[in-house]
file target25.tsv (TSV, C-alpha atoms)
chain	number	residue	atom	x	y	z
R	1	MET	CA	44.24	16.36	-7.32
R	2	LYS	CA	44.28	15.65	-11.06
R	3	ILE	CA	45.17	18.81	-12.98
R	4	CYS	CA	45.41	19.23	-16.75
R	5	PHE	CA	47.46	22.08	-18.23
R	6	VAL	CA	46.64	23.36	-21.70
R	7	THR	CA	49.59	25.05	-23.39
R	8	ASP	CA	51.45	25.07	-26.68
R	9	ASN	CA	54.85	25.41	-25.04
R	10	VAL	CA	56.64	23.17	-22.55
R	11	ASN	CA	60.17	24.11	-23.63
R	12	PRO	CA	62.09	24.97	-20.42
R	13	LYS	CA	64.39	27.24	-22.44
R	14	ALA	CA	61.48	29.55	-23.34
R	15	GLY	CA	59.64	31.91	-20.99
R	16	LEU	CA	56.25	30.19	-21.01
R	17	GLY	CA	57.78	26.73	-21.16
R	18	ARG	CA	59.96	27.51	-18.15
R	19	MET	CA	56.89	28.62	-16.23
R	20	VAL	CA	54.93	25.47	-17.13
R	21	HIS	CA	57.94	23.29	-16.31
R	22	ASN	CA	58.41	24.80	-12.84
R	23	ILE	CA	54.76	24.87	-11.81
R	24	THR	CA	53.93	21.37	-12.96
R	25	GLY	CA	57.17	19.96	-11.60
R	26	LEU	CA	56.49	21.25	-8.10
R	27	LEU	CA	52.85	20.12	-8.23
R	28	LYS	CA	54.03	16.61	-9.13
R	29	GLU	CA	56.46	16.67	-6.21
R	30	ARG	CA	53.54	17.52	-3.94
R	31	GLY	CA	51.61	14.46	-5.08
R	32	HIS	CA	49.28	15.87	-7.72
R	33	GLU	CA	48.66	14.03	-10.99
R	34	ILE	CA	49.45	16.20	-13.99
R	35	GLY	CA	48.26	15.91	-17.58
R	36	PHE	CA	48.70	18.09	-20.64
R	37	VAL	CA	46.91	19.21	-23.76
R	38	LEU	CA	49.72	20.31	-26.06
R	39	ALA	CA	50.37	21.47	-29.59
R	40	GLU	CA	50.65	18.78	-32.22
R	41	GLY	CA	53.87	16.82	-32.19
R	42	LYS	CA	54.72	17.58	-28.55
R	43	ALA	CA	52.58	15.08	-26.72
R	44	GLY	CA	53.95	12.46	-24.36
R	45	LYS	CA	52.68	10.36	-21.48
R	46	LYS	CA	49.38	11.54	-19.98
R	47	SER	CA	48.95	14.13	-22.70
R	48	LEU	CA	46.83	14.89	-25.73
R	49	ALA	CA	48.17	16.58	-28.87
R	50	VAL	CA	45.87	19.01	-30.69
R	51	GLY	CA	46.18	21.85	-33.17
R	52	PHE	CA	46.66	25.27	-31.59
R	53	ARG	CA	45.82	27.40	-34.62
R	54	PHE	CA	42.34	28.61	-35.55
R	55	SER	CA	41.62	29.01	-39.27
R	56	TRP	CA	38.73	28.35	-41.61
R	57	ARG	CA	40.91	25.94	-43.60
R	58	ARG	CA	41.28	23.61	-40.62
R	59	ILE	CA	37.82	24.09	-39.11
R	60	LEU	CA	37.00	20.39	-39.40
R	61	SER	CA	40.20	19.27	-37.67
R	62	THR	CA	39.64	21.91	-34.97
R	63	PHE	CA	36.15	20.52	-34.37
R	64	VAL	CA	37.60	17.01	-34.04
R	65	ASP	CA	40.28	18.30	-31.63
R	66	ILE	CA	37.61	19.93	-29.47
R	67	LEU	CA	35.71	16.65	-29.26
R	68	ARG	CA	38.92	14.82	-28.32
R	69	MET	CA	39.63	17.43	-25.65
R	70	ARG	CA	36.10	17.12	-24.30
R	71	SER	CA	36.64	13.42	-23.65
R	72	PHE	CA	40.19	13.86	-22.32
R	73	LEU	CA	39.44	16.72	-19.90
R	74	LYS	CA	36.56	15.01	-18.11
R	75	GLU	CA	39.11	12.83	-16.31
R	76	TYR	CA	40.58	15.84	-14.48
R	77	ASP	CA	39.52	17.75	-11.36
R	78	ALA	CA	40.74	21.06	-12.79
R	79	VAL	CA	41.95	22.43	-16.11
R	80	VAL	CA	44.44	25.31	-16.35
R	81	SER	CA	44.93	27.18	-19.65
R	82	PHE	CA	47.96	29.37	-20.16
R	83	ASP	CA	46.46	32.48	-21.76
R	84	VAL	CA	43.15	32.71	-23.55
R	85	GLN	CA	44.50	32.63	-27.11
R	86	PRO	CA	44.10	29.88	-28.07
R	87	ALA	CA	44.23	27.61	-25.01
R	88	GLY	CA	41.41	29.25	-23.05
R	89	MET	CA	39.17	29.42	-26.11
R	90	LEU	CA	39.75	25.74	-26.88
R	91	VAL	CA	38.90	24.75	-23.31
R	92	TYR	CA	35.78	26.91	-23.36
R	93	LEU	CA	34.51	25.18	-26.50
R	94	ALA	CA	35.50	21.72	-25.24
R	95	THR	CA	33.63	22.11	-21.95
R	96	LEU	CA	30.44	23.81	-23.17
R	97	GLY	CA	27.43	22.60	-21.23
R	98	ARG	CA	29.54	21.09	-18.44
R	99	ARG	CA	30.68	22.38	-15.07
R	100	ASP	CA	34.37	21.62	-15.33
R	101	VAL	CA	36.66	23.66	-13.08
R	102	CYS	CA	38.50	25.76	-15.68
R	103	VAL	CA	41.16	28.36	-14.92
R	104	ILE	CA	42.79	30.76	-17.36
R	105	HIS	CA	46.22	32.05	-16.34
R	106	ALA	CA	46.61	35.33	-18.25
R	107	LEU	CA	50.28	36.16	-18.84
R	108	GLY	CA	50.59	38.78	-21.53
R	109	THR	CA	50.14	39.18	-25.28
R	110	TYR	CA	47.99	36.07	-25.75
R	111	GLY	CA	45.65	37.19	-23.00
R	112	LEU	CA	44.63	40.27	-25.02
R	113	PHE	CA	41.59	40.76	-27.20
R	114	THR	CA	42.18	41.05	-30.97
R	115	PRO	CA	41.47	44.35	-32.77
R	116	ASP	CA	38.73	44.23	-35.41
R	117	ASN	CA	37.85	40.56	-34.93
R	118	TRP	CA	34.34	40.50	-33.51
R	119	ILE	CA	33.92	36.72	-33.61
R	120	LYS	CA	37.21	35.96	-31.86
R	121	ASN	CA	36.63	38.69	-29.26
R	122	LYS	CA	33.22	37.25	-28.42
R	123	LEU	CA	34.83	33.86	-27.92
R	124	ILE	CA	37.56	35.38	-25.74
R	125	SER	CA	34.96	37.21	-23.67
R	126	PHE	CA	32.88	34.04	-23.20
R	127	ALA	CA	36.01	32.11	-22.19
R	128	TYR	CA	36.99	34.66	-19.54
R	129	LYS	CA	33.45	34.89	-18.17
R	130	LYS	CA	32.87	31.14	-18.04
R	131	ALA	CA	36.20	30.46	-16.34
R	132	SER	CA	35.91	29.31	-12.77
R	133	ARG	CA	38.84	31.63	-12.05
R	134	VAL	CA	41.17	33.89	-13.99
R	135	PHE	CA	44.72	34.08	-12.66
R	136	LEU	CA	46.39	37.39	-13.55
R	137	ILE	CA	50.14	37.70	-13.11
R	138	ASN	CA	49.80	41.38	-12.12
R	139	ASP	CA	47.55	44.43	-12.33
R	140	PHE	CA	49.45	45.67	-15.40
R	141	VAL	CA	48.26	42.66	-17.40
R	142	ARG	CA	44.71	43.14	-16.13
R	143	LYS	CA	44.78	46.79	-17.24
R	144	LYS	CA	46.10	45.94	-20.70
R	145	ILE	CA	43.53	43.18	-21.26
R	146	GLU	CA	40.69	45.52	-20.34
R	147	GLU	CA	42.16	48.29	-22.50
R	148	SER	CA	42.30	45.90	-25.47
R	149	ASN	CA	38.49	45.68	-25.34
R	150	PRO	CA	36.80	48.72	-23.70
R	151	GLU	CA	33.51	46.80	-23.57
R	152	PHE	CA	35.01	44.14	-21.31
R	153	LEU	CA	35.71	44.26	-17.58
R	154	PHE	CA	36.74	41.36	-15.38
R	155	SER	CA	34.19	40.30	-12.82
R	156	GLN	CA	35.12	39.08	-9.34
R	157	ASN	CA	36.45	35.72	-10.54
R	158	VAL	CA	40.09	36.90	-10.62
R	159	SER	CA	43.15	36.30	-8.46
R	160	LEU	CA	46.69	37.62	-8.67
R	161	VAL	CA	49.04	34.70	-9.24
R	162	PRO	CA	52.48	35.98	-10.28
R	163	VAL	CA	55.29	34.30	-12.16
R	164	GLY	CA	58.30	33.12	-10.23
R	165	VAL	CA	61.94	32.17	-10.38
R	166	ASN	CA	63.97	29.14	-9.31
R	167	THR	CA	65.96	30.58	-6.43
R	168	LYS	CA	67.87	27.32	-5.97
R	169	ARG	CA	69.05	27.18	-9.58
R	170	PHE	CA	69.88	30.82	-10.26
R	171	ILE	CA	72.79	31.47	-7.92
R	172	LYS	CA	75.65	33.79	-8.82
R	173	LYS	CA	78.85	31.98	-9.76
R	174	THR	CA	82.34	33.12	-8.96
R	175	ASN	CA	84.55	33.97	-11.92
R	176	GLN	CA	86.32	30.66	-11.49
R	177	GLN	CA	83.04	28.70	-11.42
R	178	ALA	CA	81.71	30.56	-14.45
R	179	GLY	CA	84.90	30.15	-16.46
R	180	ALA	CA	86.37	33.60	-16.03
R	181	THR	CA	86.43	35.86	-19.07
R	182	SER	CA	88.25	39.14	-19.56
R	183	LYS	CA	85.38	40.36	-21.71
R	184	GLU	CA	83.22	43.07	-20.12
R	185	TYR	CA	79.63	43.00	-21.34
R	186	VAL	CA	76.00	43.85	-20.74
R	187	ILE	CA	73.40	41.17	-21.37
R	188	SER	CA	69.86	40.78	-22.71
R	189	VAL	CA	67.97	37.47	-22.45
R	190	GLY	CA	64.86	36.58	-24.41
R	191	ALA	CA	63.79	35.51	-27.89
R	192	LEU	CA	64.63	38.27	-30.35
R	193	LYS	CA	61.27	39.74	-31.32
R	194	PRO	CA	59.93	43.30	-31.72
R	195	ARG	CA	57.96	43.51	-28.49
R	196	LYS	CA	61.08	42.76	-26.43
R	197	GLY	CA	62.85	45.81	-27.83
R	198	GLN	CA	66.34	44.42	-28.39
R	199	LEU	CA	66.89	46.71	-31.39
R	200	GLU	CA	66.27	49.81	-29.27
R	201	SER	CA	68.70	48.70	-26.57
R	202	LEU	CA	71.26	47.85	-29.26
R	203	LYS	CA	70.88	51.34	-30.74
R	204	ALA	CA	71.42	52.79	-27.28
R	205	PHE	CA	74.54	50.69	-26.85
R	206	SER	CA	75.78	51.80	-30.26
R	207	SER	CA	75.35	55.45	-29.31
R	208	ILE	CA	77.73	55.09	-26.35
R	209	ALA	CA	80.01	52.37	-27.71
R	210	SER	CA	82.83	54.71	-28.70
R	211	SER	CA	82.99	56.09	-25.15
R	212	TYR	CA	83.36	52.60	-23.68
R	213	PRO	CA	85.53	50.67	-26.16
R	214	ASN	CA	86.00	47.67	-23.86
R	215	LEU	CA	82.26	47.10	-23.29
R	216	ASN	CA	80.44	44.45	-25.33
R	217	TYR	CA	76.82	43.31	-25.70
R	218	VAL	CA	75.62	39.70	-25.45
R	219	PHE	CA	72.13	38.71	-26.64
R	220	VAL	CA	70.88	35.35	-25.35
R	221	GLY	CA	67.79	33.80	-26.91
R	222	SER	CA	66.19	32.34	-29.99
R	223	THR	CA	66.87	34.13	-33.26
R	224	SER	CA	64.22	32.18	-35.18
R	225	ASP	CA	60.99	33.45	-33.56
R	226	ALA	CA	60.99	36.60	-35.70
R	227	PRO	CA	63.62	36.10	-38.44
R	228	SER	CA	63.08	39.45	-40.13
R	229	TYR	CA	63.59	41.27	-36.82
R	230	TYR	CA	66.78	39.33	-36.14
R	231	ASN	CA	68.01	40.17	-39.63
R	232	ARG	CA	67.39	43.87	-38.96
R	233	ILE	CA	69.46	43.61	-35.79
R	234	VAL	CA	72.30	41.83	-37.56
R	235	GLN	CA	72.27	44.40	-40.36
R	236	TYR	CA	72.39	47.23	-37.81
R	237	VAL	CA	75.37	45.60	-36.09
R	238	LYS	CA	77.21	45.50	-39.42
R	239	GLU	CA	76.30	49.08	-40.31
R	240	CYS	CA	77.65	50.31	-36.98
R	241	ASP	CA	80.81	48.22	-37.24
R	242	LEU	CA	80.00	46.38	-33.98
R	243	THR	CA	80.43	42.83	-35.26
R	244	ASN	CA	83.32	42.16	-32.88
R	245	ARG	CA	81.47	43.61	-29.90
R	246	VAL	CA	77.97	42.14	-30.25
R	247	SER	CA	77.34	38.39	-29.96
R	248	PHE	CA	74.28	36.15	-30.15
R	249	VAL	CA	73.97	32.99	-28.05
R	250	GLU	CA	71.24	30.37	-28.49
R	251	ASN	CA	70.18	27.09	-26.90
R	252	VAL	CA	71.88	27.57	-23.54
R	253	ASN	CA	71.01	25.43	-20.53
R	254	ASP	CA	70.42	26.93	-17.11
R	255	ASP	CA	73.97	26.34	-15.96
R	256	GLN	CA	75.34	28.19	-18.99
R	257	LEU	CA	72.81	30.98	-18.52
R	258	VAL	CA	73.82	31.43	-14.88
R	259	SER	CA	77.44	31.72	-16.00
R	260	LEU	CA	76.53	34.37	-18.56
R	261	TYR	CA	74.50	36.34	-16.01
R	262	SER	CA	77.18	36.07	-13.33
R	263	GLN	CA	79.89	37.75	-15.38
R	264	ALA	CA	77.80	40.52	-16.94
R	265	LYS	CA	77.95	44.14	-15.82
R	266	PHE	CA	74.17	44.61	-15.79
R	267	PHE	CA	71.01	43.32	-17.46
R	268	VAL	CA	68.95	45.23	-20.01
R	269	LEU	CA	65.64	44.41	-21.70
R	270	THR	CA	63.54	47.27	-23.09
R	271	PRO	CA	60.18	45.93	-24.28
R	272	SER	CA	57.24	47.96	-25.56
R	273	SER	CA	53.47	47.71	-25.30
R	274	SER	CA	50.91	48.01	-28.08
R	275	LYS	CA	47.24	47.14	-28.60
R	276	THR	CA	48.21	43.67	-29.77
R	277	SER	CA	51.42	42.90	-27.87
R	278	ILE	CA	52.76	43.29	-24.33
R	279	GLU	CA	55.54	41.90	-22.17
R	280	GLY	CA	53.56	40.84	-19.12
R	281	PHE	CA	56.42	40.49	-16.67
R	282	GLY	CA	59.77	39.01	-17.65
R	283	MET	CA	61.21	36.27	-15.44
R	284	VAL	CA	64.63	37.19	-16.80
R	285	TYR	CA	64.73	40.33	-14.64
R	286	LEU	CA	64.45	38.10	-11.57
R	287	GLU	CA	66.86	35.45	-12.84
R	288	SER	CA	69.50	38.07	-13.52
R	289	ALA	CA	68.91	39.66	-10.11
R	290	LEU	CA	69.58	36.34	-8.37
R	291	CYS	CA	72.89	36.23	-10.25
R	292	GLY	CA	73.93	39.63	-8.95
R	293	LEU	CA	72.69	42.03	-11.62
R	294	THR	CA	70.68	45.20	-11.57
R	295	ALA	CA	68.56	45.89	-14.65
R	296	ILE	CA	67.25	48.46	-17.08
R	297	GLY	CA	63.63	48.02	-18.15
R	298	THR	CA	60.93	50.14	-19.76
R	299	LYS	CA	57.85	51.89	-18.45
R	300	ASP	CA	54.30	50.82	-19.36
R	301	THR	CA	55.40	47.18	-19.55
R	302	GLY	CA	55.59	44.28	-17.13
R	303	ALA	CA	59.08	45.50	-16.25
R	304	GLU	CA	57.33	47.99	-13.97
R	305	VAL	CA	56.40	45.04	-11.75
R	306	ALA	CA	59.77	43.32	-11.96
R	307	ILE	CA	61.86	46.45	-11.28
R	308	ILE	CA	61.44	49.06	-8.56
R	309	ASP	CA	62.73	52.22	-10.18
R	310	ASN	CA	65.80	53.75	-8.53
R	311	LYS	CA	65.89	50.93	-6.00
R	312	THR	CA	66.43	47.61	-7.80
R	313	GLY	CA	67.12	49.05	-11.23
R	314	LEU	CA	66.13	51.75	-13.68
R	315	LEU	CA	62.87	52.19	-15.59
R	316	VAL	CA	62.90	54.44	-18.66
R	317	ASP	CA	60.77	55.23	-21.68
R	318	GLN	CA	61.47	53.04	-24.70
R	319	ASP	CA	63.56	55.78	-26.18
R	320	VAL	CA	67.11	55.20	-27.42
R	321	THR	CA	68.44	58.33	-25.73
R	322	LYS	CA	66.84	57.47	-22.37
R	323	ILE	CA	68.09	53.88	-22.52
R	324	ALA	CA	71.60	55.11	-23.33
R	325	GLU	CA	71.52	57.56	-20.41
R	326	ALA	CA	70.52	54.72	-18.06
R	327	MET	CA	73.35	52.57	-19.40
R	328	ILE	CA	75.84	55.36	-18.71
R	329	VAL	CA	74.61	55.70	-15.13
R	330	LEU	CA	75.12	52.00	-14.43
R	331	ILE	CA	78.46	51.87	-16.22
R	332	GLU	CA	79.99	54.83	-14.41
R	333	ASP	CA	78.57	54.53	-10.89
R	334	ASP	CA	79.88	51.27	-9.45
R	335	ALA	CA	78.50	51.91	-5.96
R	336	LEU	CA	75.00	52.66	-7.28
R	337	ARG	CA	75.03	49.62	-9.56
R	338	GLU	CA	76.06	47.34	-6.69
R	339	ARG	CA	73.45	48.83	-4.35
R	340	TYR	CA	70.68	48.31	-6.91
R	341	ALA	CA	71.91	44.75	-7.54
R	342	LYS	CA	71.79	43.92	-3.83
R	343	SER	CA	68.21	45.23	-3.53
R	344	ALA	CA	67.20	43.38	-6.71
R	345	TYR	CA	68.61	40.13	-5.33
R	346	GLU	CA	66.73	40.47	-2.04
R	347	ARG	CA	63.47	41.20	-3.85
R	348	ALA	CA	63.90	38.34	-6.33
R	349	LEU	CA	64.11	35.87	-3.45
R	350	THR	CA	60.45	36.64	-2.62
R	351	PHE	CA	59.34	35.33	-6.06
R	352	ASP	CA	60.34	31.71	-5.50
R	353	TRP	CA	58.24	29.23	-7.50
R	354	SER	CA	57.20	27.44	-4.32
R	355	SER	CA	55.18	30.52	-3.32
R	356	VAL	CA	53.46	30.54	-6.72
R	357	VAL	CA	52.58	26.85	-6.40
R	358	ASP	CA	51.24	27.51	-2.88
R	359	LEU	CA	48.75	29.90	-4.51
R	360	TYR	CA	47.92	27.34	-7.19
R	361	GLU	CA	47.15	24.69	-4.58
R	362	SER	CA	45.10	27.06	-2.45
R	363	GLU	CA	43.03	28.42	-5.35
R	364	LEU	CA	42.43	25.05	-7.03
R	365	THR	CA	41.54	23.38	-3.73
R	366	LYS	CA	38.87	26.03	-3.07
R	367	LEU	CA	37.47	25.62	-6.59
R	368	THR	CA	37.30	21.82	-6.50
R	369	SER	CA	36.10	21.30	-2.91

call {"tool": "encode", "arguments": {"input": "target25.tsv", "output": "structure tokens"}}
result
Amino acid sequence: MKICFVTDNVNPKAGLGRMVHNITGLLKERGHEIGFVLAEGKAGKKSLAVGFRFSWRRILSTFVDILRMRSFLKEYDAVVSFDVQPAGMLVYLATLGRRDVCVIHALGTYGLFTPDNWIKNKLISFAYKKASRVFLINDFVRKKIEESNPEFLFSQNVSLVPVGVNTKRFIKKTNQQAGATSKEYVISVGALKPRKGQLESLKAFSSIASSYPNLNYVFVGSTSDAPSYYNRIVQYVKECDLTNRVSFVENVNDDQLVSLYSQAKFFVLTPSSSKTSIEGFGMVYLESALCGLTAIGTKDTGAEVAIIDNKTGLLVDQDVTKIAEAMIVLIEDDALRERYAKSAYERALTFDWSSVVDLYESELTKLTS
């Protein structure tokens, strides 16, 4: 099968890019021919580079890109867009009047409708309705998409296709393998941006820091996605005199990430949901679980799917006091923390990428046969 993926991110160090990398890699191994429509400047072999930003100032270049996509996509048996904004909308416009097999995989924030933008919301609605199939990573994402536009409900053209984790790559290292450190720390992984809630978890850590003077906090992820948010975090660290206990790590490879996970006490990521922004799932909860960690996540986010409360980890409101209380529980109760970590590991094994790609093959085969 010839499958084209439309996405603005193929960076394996980022959440979406990691997903694209794993799905397309396994599909190639299974004999499928893969192509890409990518953001400008990222194109390579069997790919087309286009602009991924809609604006009136670049309407002419967008029109040209759509025509280029129209020609490029006709060579493929199926087209998969990661989220509707803007990939799904571009594919909808590029395939108008044709019967291309088009799938939208809705993951989170960029699957939502946009408040007070009638034109864009109409385009999003048309894209979802014209899609041969909409893959939803979970029912939480479906609920949030429908809540973002009360006039819209998905029809029957939907399937649940979750995200996954590389169970062969994320394997807990011994202290010797990881390069043993005497530093005791909790860890968060993900680009520093408001919806991921790192500032709230940092505030929670700060509130208990004096009680646990040997505990540190390591943030892993890009600091350039939302510079002003990162600056707020850095300023807060300075104000609380935590400079020697809070560290930021960027541009790590998987081997380095596994080492960081393996020596941490537990994982914490406390995202929030709004009308315009959600954390659809969070592969990092699963990655950390495979490396022996239980986790703290927040309610009314995709963490509810990744964590089973009081079994594989703890789910709390995005409230500094509640997050701090959860931290204290996991710090002080070693037996509980280890029991949760064991259950989290066993559950994470069921999310292997090969199972996700099985669903991809099954769904796309039915649509193209």

call {"tool": "closest_residue", "arguments": {"input": "target25.tsv", "among": "R:Phe113, R:Phe248, R:Phe205, R:Phe152", "to": "Gly221 of chain R", "atoms": "only C-alpha atoms"}}
result
R:Phe248

call {"tool": "residues_around", "arguments": {"input": "target25.tsv", "residues": "Ala226 of chain R", "least_positions_apart": "4", "cutoff": "12 Å", "atoms": "only C-alpha atoms", "output": "PDB file with C-alpha atoms, keeping the file's coordinate frame"}}
result
ATOM      1  CA  GLY R 190      64.860  36.580 -24.410  1.00  0.00           C
ATOM      2  CA  ALA R 191      63.790  35.510 -27.890  1.00  0.00           C
ATOM      3  CA  LEU R 192      64.630  38.270 -30.350  1.00  0.00           C
ATOM      4  CA  LYS R 193      61.270  39.740 -31.320  1.00  0.00           C
ATOM      5  CA  PRO R 194      59.930  43.300 -31.720  1.00  0.00           C
ATOM      6  CA  ARG R 195      57.960  43.510 -28.490  1.00  0.00           C
ATOM      7  CA  LYS R 196      61.080  42.760 -26.430  1.00  0.00           C
ATOM      8  CA  GLN R 198      66.340  44.420 -28.390  1.00  0.00           C
ATOM      9  CA  GLY R 221      67.790  33.800 -26.910  1.00  0.00           C
ATOM     10  CA  SER R 222      66.190  32.340 -29.990  1.00  0.00           C
ATOM     11  CA  TYR R 230      66.780  39.330 -36.140  1.00  0.00           C
ATOM     12  CA  ASN R 231      68.010  40.170 -39.630  1.00  0.00           C
ATOM     13  CA  ARG R 232      67.390  43.870 -38.960  1.00  0.00           C
ATOM     14  CA  ILE R 233      69.460  43.610 -35.790  1.00  0.00           C
TER      15      ILE R 233
END

call {"tool": "residues_around", "arguments": {"input": "target25.tsv", "residues": "Val158 of chain R", "least_positions_apart": "5", "cutoff": "6 Å", "atoms": "all atoms listed in the file", "output": "list in words"}}
result
Arg133, Val134 and Phe135 of chain R

call {"tool": "closest_atom_pairs", "arguments": {"input": "target25.tsv", "of": "segment 91-200 of chain R", "to": "segment 71-79 of chain R", "cutoff": "9 Å", "atoms": "all atoms listed in the file", "output": "Markdown table"}}
result
| residue | atom | partner | partner_atom | distance |
| --- | --- | --- | --- | --- |
| R:Val91 | CA | R:Val79 | CA | 8.2 |
| R:Ala94 | CA | R:Leu73 | CA | 8.3 |
| R:Thr95 | CA | R:Leu73 | CA | 8.2 |
| R:Asp100 | CA | R:Ala78 | CA | 6.9 |
| R:Val101 | CA | R:Ala78 | CA | 4.8 |
| R:Cys102 | CA | R:Val79 | CA | 4.8 |
| R:Val103 | CA | R:Val79 | CA | 6.1 |
| R:Ile104 | CA | R:Val79 | CA | 8.5 |

call {"tool": "write_last_selection", "arguments": {"input": "target25.tsv", "atoms": "C-alpha atoms", "output": "JSON list (two decimals), keeping the file's coordinate frame"}}
result
[["chain", "number", "residue", "atom", "x", "y", "z"],
["R", 91, "VAL", "CA", 38.90, 24.75, -23.31],
["R", 94, "ALA", "CA", 35.50, 21.72, -25.24],
["R", 95, "THR", "CA", 33.63, 22.11, -21.95],
["R", 100, "ASP", "CA", 34.37, 21.62, -15.33],
["R", 101, "VAL", "CA", 36.66, 23.66, -13.08],
["R", 102, "CYS", "CA", 38.50, 25.76, -15.68],
["R", 103, "VAL", "CA", 41.16, 28.36, -14.92],
["R", 104, "ILE", "CA", 42.79, 30.76, -17.36]]

call {"tool": "residues_around", "arguments": {"input": "target25.tsv", "residues": "Leu107 of chain R", "least_positions_apart": "3", "cutoff": "8 Å", "atoms": "only C-alpha atoms", "output": "list of chain:residue names"}}
result
R:Phe82, R:Asp83, R:Tyr110, R:Gly111, R:Leu136, R:Ile137, R:Val141, R:Gly280, R:Phe281

call {"tool": "closest_residue", "arguments": {"input": "target25.tsv", "among": "R:Lys168, R:Lys183, R:Lys311, R:Arg30", "to": "Asp255 of chain R", "atoms": "all atoms listed in the file"}}
result
R:Lys168

call {"tool": "residues_near_point", "arguments": {"input": "target25.tsv", "point": "(50.5, 19.3, -18.3)", "cutoff": "6 Å", "atoms": "only C-alpha atoms", "output": "ChimeraX atom specification"}}
result
/R:4-5,34-36

call {"tool": "atom_distance", "arguments": {"input": "target25.tsv", "atom1": "atom CA of Ala178 of chain R", "atom2": "atom CA of Ala289 of chain R"}}
result
16.3 Å

call {"tool": "closest_residue", "arguments": {"input": "target25.tsv", "among": "R:Ala264, R:Leu269, R:Ala49, R:Met283", "to": "Ala341 of chain R", "atoms": "all atoms listed in the file"}}
result
R:Ala264

call {"tool": "atom_distance", "arguments": {"input": "target25.tsv", "atom1": "atom CA of Asn216 of chain R", "atom2": "atom CA of Asn244 of chain R"}}
result
8.4 Å

call {"tool": "residues_around", "arguments": {"input": "target25.tsv", "residues": "Thr174 of chain R", "least_positions_apart": "3", "cutoff": "10 Å", "atoms": "only C-alpha atoms", "output": "ChimeraX atom specification"}}
result
/R:171,177-180,259,262-263

call {"tool": "residues_near_point", "arguments": {"input": "target25.tsv", "point": "(38.6, 19.0, -32.8)", "cutoff": "12 Å", "atoms": "all atoms listed in the file", "output": "list in words"}}
result
Leu48, Ala49, Val50, Gly51, Phe52, Arg53, Phe54, Arg58, Ile59, Leu60, Ser61, Thr62, Phe63, Val64, Asp65, Ile66, Leu67, Arg68, Met69, Arg70, Ser71, Phe72, Leu90, Val91, Leu93 and Ala94 of chain R

call {"tool": "atom_distance", "arguments": {"input": "target25.tsv", "atom1": "atom CA of Lys322 of chain R", "atom2": "atom CA of Ala204 of chain R"}}
result
8.2 Å
